[in-house]
file my_file11.cif (mmCIF, C-alpha atoms)
data_work
loop_
_atom_site.label_atom_id
_atom_site.label_comp_id
_atom_site.auth_asym_id
_atom_site.auth_seq_id
_atom_site.Cartn_x
_atom_site.Cartn_y
_atom_site.Cartn_z
CA MET A 165 -32.47 56.11 26.92
CA ASN A 166 -36.13 55.08 27.11
CA LEU A 167 -37.53 52.51 29.54
CA LYS A 168 -37.44 49.63 27.05
CA GLU A 169 -33.79 50.26 26.20
CA LEU A 170 -32.93 50.65 29.89
CA ILE A 171 -34.45 47.29 30.76
CA ASP A 172 -32.96 45.57 27.72
CA THR A 173 -29.49 46.85 28.65
CA HIS A 174 -29.67 45.31 32.13
CA TYR A 175 -31.95 42.36 31.35
CA ASN A 176 -29.34 39.61 31.71
CA GLU A 177 -28.38 40.96 35.15
CA LEU A 178 -31.93 40.66 36.52
CA SER A 179 -33.07 37.80 38.73
CA LYS A 180 -36.05 35.66 37.73
CA THR A 181 -38.43 37.64 39.96
CA GLN A 182 -36.97 40.96 38.77
CA LYS A 183 -37.64 39.90 35.17
CA LYS A 184 -41.24 39.35 36.24
CA VAL A 185 -41.31 42.95 37.50
CA ALA A 186 -39.70 44.15 34.25
CA ALA A 187 -42.35 42.44 32.14
CA HIS A 188 -45.17 44.02 34.15
CA VAL A 189 -43.55 47.47 34.03
CA LEU A 190 -43.33 47.37 30.22
CA ASP A 191 -46.80 45.87 29.76
CA HIS A 192 -48.55 48.23 32.21
CA PRO A 193 -46.52 51.45 32.54
CA ARG A 194 -49.55 53.60 33.38
CA GLN A 195 -50.39 51.38 36.36
CA VAL A 196 -46.80 51.53 37.62
CA ALA A 197 -46.79 55.32 37.34
CA LEU A 198 -49.72 55.48 39.77
CA LYS A 199 -49.10 52.59 42.20
CA SER A 200 -46.71 52.36 45.13
CA ALA A 201 -43.91 49.79 45.14
CA GLN A 202 -45.86 47.79 47.71
CA GLU A 203 -49.01 47.82 45.56
CA LEU A 204 -47.03 46.82 42.46
CA GLY A 205 -45.41 43.93 44.33
CA ALA A 206 -48.78 42.69 45.56
CA GLU A 207 -50.20 42.96 42.03
CA ILE A 208 -47.60 40.55 40.58
CA SER A 209 -46.96 38.43 43.70
CA VAL A 210 -43.44 39.60 44.51
CA SER A 211 -42.15 41.49 47.54
CA GLU A 212 -41.79 45.25 47.75
CA THR A 213 -38.06 44.64 48.25
CA THR A 214 -37.87 42.84 44.88
CA VAL A 215 -39.46 45.87 43.18
CA ILE A 216 -36.94 48.23 44.82
CA ARG A 217 -34.01 45.97 43.92
CA PHE A 218 -35.26 45.88 40.35
CA CYS A 219 -34.97 49.69 40.25
CA TYR A 220 -31.43 49.54 41.62
CA SER A 221 -30.54 46.94 38.97
CA LEU A 222 -31.43 49.54 36.34
CA ASN A 223 -29.06 52.02 38.06
CA LEU A 224 -32.01 54.09 39.22
CA ALA A 225 -32.06 55.77 42.63
CA GLY A 226 -35.25 53.96 43.59
CA TYR A 227 -38.90 53.39 42.77
CA THR A 228 -39.68 57.09 42.66
CA GLU A 229 -37.14 57.60 39.88
CA LEU A 230 -38.63 54.66 37.96
CA GLN A 231 -42.04 56.34 38.13
CA LYS A 232 -40.47 59.63 36.99
CA VAL A 233 -38.91 57.90 33.94
CA ILE A 234 -42.26 56.30 33.08
CA ARG A 235 -44.24 59.54 33.44
CA GLU A 236 -41.78 61.48 31.26
CA GLN A 237 -41.92 58.75 28.64
CA LEU A 238 -45.73 58.71 28.64
CA LEU A 239 -45.82 62.49 28.25
CA ASN A 240 -43.31 62.46 25.40
CA GLN A 241 -44.51 59.31 23.69
CA GLU A 242 -44.23 59.51 19.91
CA SER A 243 -45.30 57.21 17.14
CA SER A 244 -42.65 54.91 15.70
CA LEU A 245 -42.82 56.75 12.36
CA THR A 246 -42.29 60.12 14.09
CA SER A 247 -39.24 58.75 15.91
CA TYR A 248 -37.86 57.35 12.65
CA ARG A 249 -38.37 60.63 10.79
CA GLN A 250 -36.79 62.69 13.57
CA SER A 251 -33.68 60.50 13.70
CA LYS A 252 -33.22 60.89 9.93
CA VAL A 253 -33.84 64.67 9.99
CA GLU A 254 -30.96 64.96 12.47
CA LEU A 255 -28.70 63.02 10.10
CA GLN A 256 -29.72 65.18 7.15
CA GLN A 257 -28.03 68.15 8.80
CA LYS A 258 -24.66 66.43 8.33
CA PRO A 259 -22.81 65.78 5.06
CA HIS A 260 -22.86 62.30 3.46
CA PHE A 261 -26.43 61.47 4.53
CA MET A 262 -26.55 58.06 2.83
CA MET A 263 -23.30 56.98 4.46
CA HIS A 264 -24.54 57.95 7.91
CA VAL A 265 -27.83 56.08 7.47
CA MET A 266 -25.96 52.94 6.44
CA GLU A 267 -23.49 53.36 9.31
CA GLN A 268 -26.46 53.46 11.69
CA ASP A 269 -27.68 50.19 10.18
CA GLN A 270 -24.20 48.72 10.62
CA ASN A 271 -24.15 49.73 14.30
CA MET A 272 -27.60 48.27 14.90
CA ILE A 273 -26.54 44.96 13.36
CA ALA A 274 -23.54 44.92 15.72
CA GLU A 275 -25.81 45.60 18.72
CA THR A 276 -28.19 42.85 17.59
CA MET A 277 -25.29 40.38 17.40
CA LYS A 278 -24.44 41.12 21.04
CA GLY A 279 -27.98 40.34 22.16
CA ILE A 280 -28.38 37.02 20.32
CA SER A 281 -27.68 33.82 22.27
CA GLU A 282 -25.61 31.39 20.19
CA LYS A 283 -27.08 28.55 22.21
CA ASP A 284 -30.61 29.63 21.27
CA TYR A 285 -29.54 30.15 17.65
CA ASP A 286 -28.10 26.62 17.45
CA ALA A 287 -31.25 25.22 19.06
CA ALA A 288 -33.41 27.04 16.51
CA ILE A 289 -31.39 25.67 13.58
CA GLU A 290 -31.61 22.13 14.99
CA ARG A 291 -35.37 22.35 15.36
CA LEU A 292 -35.84 23.89 11.92
CA SER A 293 -33.76 21.11 10.40
CA ALA A 294 -35.66 18.33 12.18
CA ALA A 295 -39.19 19.74 11.79
CA LYS A 296 -41.71 17.98 9.56
CA LYS A 297 -43.20 21.36 8.67
CA VAL A 298 -42.24 24.99 9.28
CA TYR A 299 -44.80 27.78 9.58
CA ILE A 300 -43.90 31.48 9.40
CA LEU A 301 -46.06 34.32 10.66
CA GLY A 302 -45.67 38.09 10.42
CA LEU A 303 -48.46 40.60 9.94
CA ARG A 304 -48.66 44.21 8.76
CA SER A 305 -45.18 45.79 8.99
CA SER A 306 -43.67 42.34 9.65
CA PHE A 307 -45.32 40.68 6.65
CA ALA A 308 -42.59 41.50 4.11
CA ALA A 309 -39.95 39.96 6.38
CA ALA A 310 -42.08 36.86 6.98
CA SER A 311 -42.69 36.47 3.25
CA TRP A 312 -38.96 36.71 2.44
CA LEU A 313 -38.04 34.28 5.23
CA SER A 314 -40.65 31.79 4.02
CA TYR A 315 -39.22 31.93 0.50
CA ALA A 316 -35.59 31.67 1.66
CA ILE A 317 -36.12 28.77 4.07
CA GLY A 318 -38.12 27.06 1.33
CA LEU A 319 -34.94 26.95 -0.74
CA ALA A 320 -33.21 24.97 2.01
CA ARG A 321 -35.94 22.52 2.98
CA PRO A 322 -39.45 21.37 1.99
CA ASN A 323 -42.78 21.95 3.74
CA VAL A 324 -42.51 25.64 4.58
CA LYS A 325 -45.76 27.61 4.85
CA LEU A 326 -46.40 31.34 5.20
CA ILE A 327 -49.48 31.85 7.37
CA ARG A 328 -51.97 34.21 5.69
CA PRO A 329 -54.88 34.96 8.08
CA GLU A 330 -56.59 37.16 5.47
CA SER A 331 -56.98 34.26 3.01
CA GLU A 332 -57.03 31.05 5.06
CA ASP A 333 -58.73 29.45 8.04
CA VAL A 334 -56.11 30.02 10.71
CA ILE A 335 -57.80 27.63 13.14
CA GLN A 336 -57.59 24.88 10.54
CA THR A 337 -53.91 25.70 9.97
CA VAL A 338 -53.12 25.65 13.69
CA SER A 339 -55.01 22.38 14.16
CA GLU A 340 -52.48 20.72 11.82
CA MET A 341 -49.58 21.71 14.08
CA ASP A 342 -48.01 19.40 16.66
CA ASP A 343 -44.69 18.73 18.40
CA SER A 344 -43.04 17.99 15.06
CA THR A 345 -43.67 21.51 13.72
CA VAL A 346 -41.81 24.79 14.15
CA VAL A 347 -43.47 28.19 14.02
CA ILE A 348 -41.41 31.34 13.44
CA VAL A 349 -43.25 34.45 14.62
CA ILE A 350 -42.08 37.97 13.75
CA SER A 351 -43.63 40.56 16.05
CA PHE A 352 -42.55 44.19 16.40
CA HIS A 353 -43.95 47.28 18.09
CA ARG A 354 -46.86 47.98 17.86
CA TYR A 355 -47.46 44.36 18.79
CA LEU A 356 -50.54 42.96 17.05
CA ARG A 357 -52.84 40.99 19.31
CA GLU A 358 -53.68 38.60 16.45
CA THR A 359 -50.01 37.61 16.05
CA ILE A 360 -49.66 36.85 19.77
CA GLN A 361 -52.90 34.86 19.86
CA ILE A 362 -51.89 32.67 16.90
CA ALA A 363 -48.48 32.06 18.52
CA GLU A 364 -50.17 31.05 21.78
CA LEU A 365 -52.45 28.62 19.92
CA ALA A 366 -49.41 27.10 18.19
CA LYS A 367 -47.73 26.71 21.58
CA LYS A 368 -50.80 24.85 22.90
CA GLN A 369 -50.41 22.47 19.95
CA GLN A 370 -46.90 21.68 21.27
CA SER A 371 -45.17 23.42 18.35
CA PHE A 372 -41.69 24.83 18.89
CA VAL A 373 -42.12 28.60 18.66
CA ILE A 374 -39.28 30.88 17.57
CA GLY A 375 -39.93 34.54 18.36
CA ILE A 376 -38.21 37.36 16.48
CA THR A 377 -39.00 40.72 18.04
CA ASP A 378 -37.53 43.98 19.31
CA SER A 379 -37.14 43.25 23.02
CA HIS A 380 -36.55 40.43 25.50
CA LEU A 381 -39.80 41.57 27.10
CA ALA A 382 -42.03 41.87 24.02
CA PRO A 383 -45.46 40.16 24.42
CA ILE A 384 -44.42 37.24 22.18
CA ARG A 385 -42.02 36.11 24.95
CA SER A 386 -44.82 34.19 26.71
CA ALA A 387 -45.32 31.88 23.72
CA ALA A 388 -41.73 31.60 22.46
CA ASP A 389 -39.41 28.68 23.22
CA VAL A 390 -36.50 30.82 22.02
CA LEU A 391 -36.57 34.58 21.61
CA PHE A 392 -34.31 36.66 19.37
CA PRO A 393 -34.33 40.42 20.10
CA ILE A 394 -33.51 42.67 17.14
CA TYR A 395 -31.92 45.92 18.29
CA SER A 396 -33.52 49.23 17.34
CA PRO A 397 -33.04 52.55 19.21
CA ASN A 398 -36.57 53.66 18.30
CA LYS A 399 -39.94 51.93 18.21
CA SER A 400 -39.61 51.66 14.46
CA THR A 401 -39.72 48.54 12.34
CA LEU A 402 -38.08 50.62 9.61
CA ASP A 403 -35.00 51.19 11.76
CA ALA A 404 -34.85 47.48 12.61
CA THR A 405 -35.03 46.34 8.98
CA ALA A 406 -31.28 45.95 8.34
CA SER A 407 -30.71 44.04 11.60
CA LEU A 408 -33.82 41.92 11.06
CA PHE A 409 -32.88 40.82 7.56
CA SER A 410 -29.26 40.24 8.58
CA PHE A 411 -30.39 37.90 11.36
CA MET A 412 -32.90 36.12 9.10
CA ASN A 413 -30.09 35.63 6.59
CA ALA A 414 -28.06 34.02 9.39
CA ILE A 415 -30.95 31.61 10.02
CA VAL A 416 -31.15 30.67 6.34
CA ALA A 417 -27.36 30.29 6.11
CA GLY A 418 -27.28 28.05 9.19
CA LEU A 419 -30.07 25.89 7.83
CA ILE A 420 -28.47 25.56 4.37
CA VAL A 421 -25.18 24.46 5.97
CA LYS A 422 -27.06 22.04 8.24
CA GLU A 423 -29.14 20.67 5.37
CA LYS A 424 -26.39 20.76 2.73
CA GLU A 425 -27.37 17.53 0.96
CA THR A 426 -31.08 18.32 0.97
CA PHE A 427 -30.38 21.82 -0.35
CA GLU A 428 -28.19 20.52 -3.18
CA LYS A 429 -30.78 17.91 -4.21
CA ARG A 430 -33.53 20.52 -4.25
CA GLN A 431 -31.37 22.79 -6.40
CA GLU A 432 -30.62 19.94 -8.83
CA ARG A 433 -34.34 19.20 -9.24
CA TYR A 434 -34.99 22.92 -9.73
CA ARG A 435 -32.34 23.29 -12.42
CA ALA A 436 -33.60 20.16 -14.21
CA LEU A 437 -36.95 21.78 -14.95
CA ASP A 438 -37.44 23.43 -18.32
CA SER A 439 -38.27 26.93 -17.10
CA ASP A 440 -36.66 29.04 -19.81
CA PHE A 441 -40.04 30.57 -20.62
CA LEU A 442 -40.00 32.29 -17.20
CA PHE A 443 -36.77 34.22 -17.77
CA THR A 444 -35.55 36.68 -20.37
CA GLU A 445 -31.91 35.56 -20.07
CA GLY A 446 -29.34 34.38 -17.58
CA ALA A 447 -29.40 31.57 -15.03
CA LYS A 448 -32.62 30.01 -13.75
CA GLN A 449 -31.30 29.50 -10.26
CA PRO A 450 -32.98 31.78 -7.65
#
call {"tool": "encode", "arguments": {"input": "my_file11.cif", "output": "C-alpha cells"}}
result
Amino acid sequence: MNLKELIDTHYNELSKTQKKVAAHVLDHPRQVALKSAQELGAEISVSETTVIRFCYSLNLAGYTELQKVIREQLLNQESSLTSYRQSKVELQQKPHFMMHVMEQDQNMIAETMKGISEKDYDAAIERLSAAKKVYILGLRSSFAAASWLSYAIGLARPNVKLIRPESEDVIQTVSEMDDSTVVIVISFHRYLRETIQIAELAKKQQSFVIGITDSHLAPIRSAADVLFPIYSPNKSTLDATASLFSFMNAIVAGLIVKEKETFEKRQERYRALDSDFLFTEGAKQP
C-alpha cells in the first residue's frame, strides 16, 4: 500500500490537525523525508506530538517508519501509465483476461461507493438543481469525462457550460461566476496547476465548487466545497475511469430525478423539433 492509499484508508479517523499533517506529507514528501518530526511540526504550525500521533493513526511505528515509507516510495516511483500497464500484465497471466479487468473495475466502483459521503452527494445535487448556471472543468486526461458530464447534465437542466481554456478567455468566464453558480472540477494525478488555479478563482467569485478527484487530500481540496474521491489503486486515470463514470452517472441520475418536470419539458421540446435529417433511422431522443 502506497502512502496515498495509507492516508486515504485512515483519513476519517484523523483529527483536524492530523489532516493538516497528512496534506503536507502528500504535498511535500521530499521535505518530510529529510526533516525531523519537530521541524515538520514547526513548518506547519502543529506540535511534534501531533506529527507522531499522525504516524500512529496510520498504524506506523513512528515518524522514522513514515520517513522510510516515503523514501521507498520516492525510490520506486513509477509513472501512472507504467503502473497501469504492470497491473494489466499481471492479469494477462491468468485465464479470462477480460473478465478479470472488468471485475477489477467492479471492485473499484464498490470502493468508491464506500468513500462517498451521501450528505455531500445530496448537497451537490441540491446546489446543481438550484444553480443559475453550471460550469464544468477537466483538462487533459480529465477532459473526456468533463465533456461527457457537461453533455449529460445539459439533458437535465439548462445553462451548462464546459470550460475550454484553449479556445476562450477563462478570466472572462470566471468573472461571470457568482454565488448562484456551481463549478464541477475534475482533477486527477498528475494534478494540473491550471485546473487548481481556475477552481481557486471560481471559489473567490463565491461559486459552489464540487471537486471530483482521486484522494481526500488532492490539491483541489483547498478550493472545493464538497469533495468526491474516486478510488484507484494506482496513480492512473485509466484505472479510475469505470468508477469515475459510474459516479458521474449517479450525479446525472440524481439531478434528473430532482428536476423531473424540467427534464420532461426539455425532452418534449427536443422531440418536437424536425431533426430527421440528422439521423439515418430510429429515435431522435439522445
call {"tool": "atom_distance", "arguments": {"input": "my_file11.cif", "atom1": "atom CA of Val215 of chain A", "atom2": "atom CA of Ala201 of chain A"}}
result
6.2 Å
call {"tool": "residues_around", "arguments": {"input": "my_file11.cif", "residues": "segment 220-223 of chain A", "least_positions_apart": "6", "cutoff": "7 Å", "atoms": "only C-alpha atoms", "output": "list in words"}}
result
Leu170, Ile171, His174 and Leu178 of chain A
call {"tool": "closest_residue", "arguments": {"input": "my_file11.cif", "among": "A:Ser386, A:Gln270, A:Thr228, A:Ser293", "to": "Ile415 of chain A", "atoms": "only C-alpha atoms"}}
result
A:Ser293
call {"tool": "closest_residue", "arguments": {"input": "my_file11.cif", "among": "A:Asp172, A:Asp438, A:Glu332, A:Asp191", "to": "Pro383 of chain A", "atoms": "only C-alpha atoms"}}
result
A:Asp191
call {"tool": "resolve_selection", "arguments": {"input": "my_file11.cif", "expression": "the PyMOL selection byres ((chain A and resi 397-411) around 6)", "output": "VMD selection string"}}
result
chain A and resid 244 269 273 396 412 to 414
call {"tool": "write_last_selection", "arguments": {"input": "my_file11.cif", "atoms": "C-alpha atoms", "output": "CSV table (one decimal), in the coordinates of the input"}}
result
chain,number,residue,atom,x,y,z
A,244,SER,CA,-42.6,54.9,15.7
A,269,ASP,CA,-27.7,50.2,10.2
A,273,ILE,CA,-26.5,45.0,13.4
A,396,SER,CA,-33.5,49.2,17.3
A,412,MET,CA,-32.9,36.1,9.1
A,413,ASN,CA,-30.1,35.6,6.6
A,414,ALA,CA,-28.1,34.0,9.4
call {"tool": "resolve_selection", "arguments": {"input": "my_file11.cif", "expression": "the PyMOL selection byres ((chain A and resi 418) around 10)", "output": "PDB file with C-alpha atoms, keeping the file's coordinate frame"}}
result
ATOM      1  CA  TYR A 285     -29.540  30.150  17.650  1.00  0.00           C
ATOM      2  CA  ASP A 286     -28.100  26.620  17.450  1.00  0.00           C
ATOM      3  CA  ALA A 288     -33.410  27.040  16.510  1.00  0.00           C
ATOM      4  CA  ILE A 289     -31.390  25.670  13.580  1.00  0.00           C
ATOM      5  CA  GLU A 290     -31.610  22.130  14.990  1.00  0.00           C
ATOM      6  CA  LEU A 292     -35.840  23.890  11.920  1.00  0.00           C
ATOM      7  CA  SER A 293     -33.760  21.110  10.400  1.00  0.00           C
ATOM      8  CA  ALA A 320     -33.210  24.970   2.010  1.00  0.00           C
ATOM      9  CA  MET A 412     -32.900  36.120   9.100  1.00  0.00           C
ATOM     10  CA  ASN A 413     -30.090  35.630   6.590  1.00  0.00           C
ATOM     11  CA  ALA A 414     -28.060  34.020   9.390  1.00  0.00           C
ATOM     12  CA  ILE A 415     -30.950  31.610  10.020  1.00  0.00           C
ATOM     13  CA  VAL A 416     -31.150  30.670   6.340  1.00  0.00           C
ATOM     14  CA  ALA A 417     -27.360  30.290   6.110  1.00  0.00           C
ATOM     15  CA  LEU A 419     -30.070  25.890   7.830  1.00  0.00           C
ATOM     16  CA  ILE A 420     -28.470  25.560   4.370  1.00  0.00           C
ATOM     17  CA  VAL A 421     -25.180  24.460   5.970  1.00  0.00           C
ATOM     18  CA  LYS A 422     -27.060  22.040   8.240  1.00  0.00           C
ATOM     19  CA  GLU A 423     -29.140  20.670   5.370  1.00  0.00           C
ATOM     20  CA  LYS A 424     -26.390  20.760   2.730  1.00  0.00           C
TER      21      LYS A 424
END
call {"tool": "closest_residue", "arguments": {"input": "my_file11.cif", "among": "A:Ser344, A:Gln268, A:Ser331, A:Ser281", "to": "Tyr299 of chain A", "atoms": "all atoms listed in the file"}}
result
A:Ser344
call {"tool": "atom_distance", "arguments": {"input": "my_file11.cif", "atom1": "atom CA of Val390 of chain A", "atom2": "atom CA of Gly205 of chain A"}}
result
27.4 Å
call {"tool": "resolve_selection", "arguments": {"input": "my_file11.cif", "expression": "the PyMOL selection byres ((chain A and resi 363) around 8)", "output": "PyMOL selection string"}}
result
chain A and resi 347+349+359-362+364-367+373+384+387-388
call {"tool": "atom_distance", "arguments": {"input": "my_file11.cif", "atom1": "atom CA of Ser209 of chain A", "atom2": "atom CA of His188 of chain A"}}
result
11.2 Å
call {"tool": "residues_near_point", "arguments": {"input": "my_file11.cif", "point": "(-57.9, 35.0, 11.2)", "cutoff": "12 Å", "atoms": "all atoms listed in the file", "output": "list in words"}}
result
Leu301, Leu303, Ile327, Arg328, Pro329, Glu330, Ser331, Glu332, Asp333, Val334, Ile335, Gln336, Thr337, Val338, Arg357, Glu358, Thr359, Gln361 and Ile362 of chain A
call {"tool": "closest_residue", "arguments": {"input": "my_file11.cif", "among": "A:Gln202, A:Arg354, A:His260, A:Gly226", "to": "Ser305 of chain A", "atoms": "all atoms listed in the file"}}
result
A:Arg354
call {"tool": "closest_residue", "arguments": {"input": "my_file11.cif", "among": "A:Glu267, A:Asp378, A:Glu340, A:Glu432", "to": "Gly279 of chain A", "atoms": "only C-alpha atoms"}}
result
A:Asp378
call {"tool": "residues_around", "arguments": {"input": "my_file11.cif", "residues": "Ile208 of chain A", "least_positions_apart": "6", "cutoff": "10 Å", "atoms": "only C-alpha atoms", "output": "PyMOL selection string"}}
result
chain A and resi 181+184-185+188
call {"tool": "closest_residue", "arguments": {"input": "my_file11.cif", "among": "A:Ile376, A:Ile280, A:Ala197, A:Met341", "to": "Leu313 of chain A", "atoms": "only C-alpha atoms"}}
result
A:Ile376
call {"tool": "residues_around", "arguments": {"input": "my_file11.cif", "residues": "Asn166 of chain A", "least_positions_apart": "2", "cutoff": "8 Å", "atoms": "all atoms listed in the file", "output": "CSV table (one decimal) with C-alpha atoms, in the frame of the given file"}}
result
chain,number,residue,atom,x,y,z
A,168,LYS,CA,-37.4,49.6,27.0
A,169,GLU,CA,-33.8,50.3,26.2
A,170,LEU,CA,-32.9,50.6,29.9
A,233,VAL,CA,-38.9,57.9,33.9
A,237,GLN,CA,-41.9,58.8,28.6
